[in-house]
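Let me begin by presenting the structure, written as structure tokens, before commenting on it.
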Amino acid sequence: MSNEWPYQLRVTKYNPANRDANGYYAVDEWISPSDIGGTFNGELLTLEHYLNVEQAYIDTIMSFLEECQVETMRMFMVEHRELDSASSLYEQKFNEMAMQEDKVVQLDDVPTIGRMVLRDFAYCQLVATNRTFIHFGWDYYMYIGTVKETPYAIASAKENGLFAECYPSPYQIGEEDIIRTVEWGLKEEETIVGDEKVKGILKEELQRALKLSNEHPVTGSFSINASQKEFFQRYLKHEMDFEKYDYYLWGGN
């Protein structure tokens, strides 16, 4: 367990009693809003039932933030996805929510952001430094990390029909475990044609070069522009050519 986040939980709708000795979940359950209308374990997943479960997740998130006395959070690892206005899960306010890397968000915005992620309209991690983090995983898994015990929020999760288990977030990476790579692809093409690991760059240097806050872990993907060539070229054998290639920094494990 990370010393930075000594209390980490996996919070889900999945009853741990249904797992076998290897942790495999043995009951057929829905795992995505795209499953609405399907039958699982003999029961139809209706829109109403989906929304009730989704609300349980949102209420649980807010309980943790309240107990941890969180006032604002930051968005990391932001991914933009297509907003399908024809979907029964679409809301006009999703268009009004600016999903921006490293953006500070107020607590009032967290429920909207949470719904967008849970409905697969966007992705991000939410972090309040020295308070708590919210990591959304695949298949309706959610991970919450805190710096103190949160008995009231855990009780709230139970009241909401969710299960909070001690479990480290697979999305929490210590600085010592982060691998950073510069990747490049031909202009206006999505395919990566080359990459090179970069070593010896301090996180603080990357934060300054990429104009990120000092809270940003520098994980995820970042575009590198020609004005940043001098900084990155010092750490690369590859000769950067911005007329031919688009460049990106990737940080992860």
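Simple scheme: letters A, B, ... for chains in structure tokens order, numbers from 1 for residues in each chain, numbers from 1 for ligands in the order shown.
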Neighbouring residues of A:Val53 were defined as those with any atom within 9 Å, considering only C-alpha atoms; residues of the same chain fewer than 2 positions away were excluded. Please report them as number ranges by chain. A: 13, 48-51, 55-58, 160-162
Within 12 Å of A:Gln207, counting only C-alpha atoms, which residues show up once you throw out same-chain ones fewer than 4 positions away? Write them as JSON, numbers by chain, please. {"A": [102, 201, 202, 203, 211, 212, 213, 214, 215, 216, 217, 218, 219, 222, 249]}
Take the selection from the previous step and output its residues with N, CA and C atoms, as a compact mmCIF listing (two decimals), in the first residue's frame.
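Produced file part09.txt, reproduced below:
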```txt
# COMPACT_ATOMS: atom_id res chain seq x y z
N ASP A 102 -5.53 18.66 -15.89
CA ASP A 102 -4.97 19.47 -14.80
C ASP A 102 -5.93 20.56 -14.31
N ILE A 201 15.02 12.78 -16.23
CA ILE A 201 14.27 14.04 -16.16
C ILE A 201 13.48 14.06 -14.86
N LEU A 202 13.67 15.08 -14.07
CA LEU A 202 12.90 15.21 -12.84
C LEU A 202 11.45 15.55 -13.16
N LYS A 203 10.54 15.02 -12.35
CA LYS A 203 9.13 15.31 -12.56
C LYS A 203 8.88 16.81 -12.57
N LYS A 211 3.95 22.83 -18.73
CA LYS A 211 3.05 23.82 -18.12
C LYS A 211 1.94 23.14 -17.31
N LEU A 212 2.36 22.21 -16.47
CA LEU A 212 1.44 21.51 -15.58
C LEU A 212 1.62 22.02 -14.16
N SER A 213 0.62 21.81 -13.33
CA SER A 213 0.71 22.21 -11.92
C SER A 213 1.71 21.31 -11.20
N ASN A 214 2.15 21.76 -10.03
CA ASN A 214 3.09 20.94 -9.26
C ASN A 214 2.40 19.77 -8.57
N GLU A 215 1.09 19.62 -8.79
CA GLU A 215 0.35 18.47 -8.28
C GLU A 215 0.24 17.36 -9.32
N HIS A 216 0.54 17.68 -10.57
CA HIS A 216 0.33 16.71 -11.64
C HIS A 216 1.40 15.61 -11.60
N PRO A 217 1.01 14.34 -11.67
CA PRO A 217 2.00 13.25 -11.62
C PRO A 217 2.73 13.03 -12.94
N VAL A 218 2.35 13.77 -13.98
CA VAL A 218 2.92 13.62 -15.32
C VAL A 218 2.77 12.17 -15.80
N THR A 219 1.57 11.67 -15.68
CA THR A 219 1.20 10.39 -16.27
C THR A 219 0.13 10.66 -17.31
N PHE A 222 0.89 13.48 -23.52
CA PHE A 222 0.99 14.93 -23.69
C PHE A 222 1.63 15.24 -25.03
N LEU A 249 4.68 12.78 -25.22
CA LEU A 249 5.28 12.16 -24.05
C LEU A 249 4.25 11.27 -23.41
```
Would you mind listing what lies within 8 Å of stretch 224-241 of chain A as a ChimeraX atom specification, with only C-alpha atoms counted and same-chain residues fewer than 3 positions away left out? /A:196,198-201,209-210,244-249
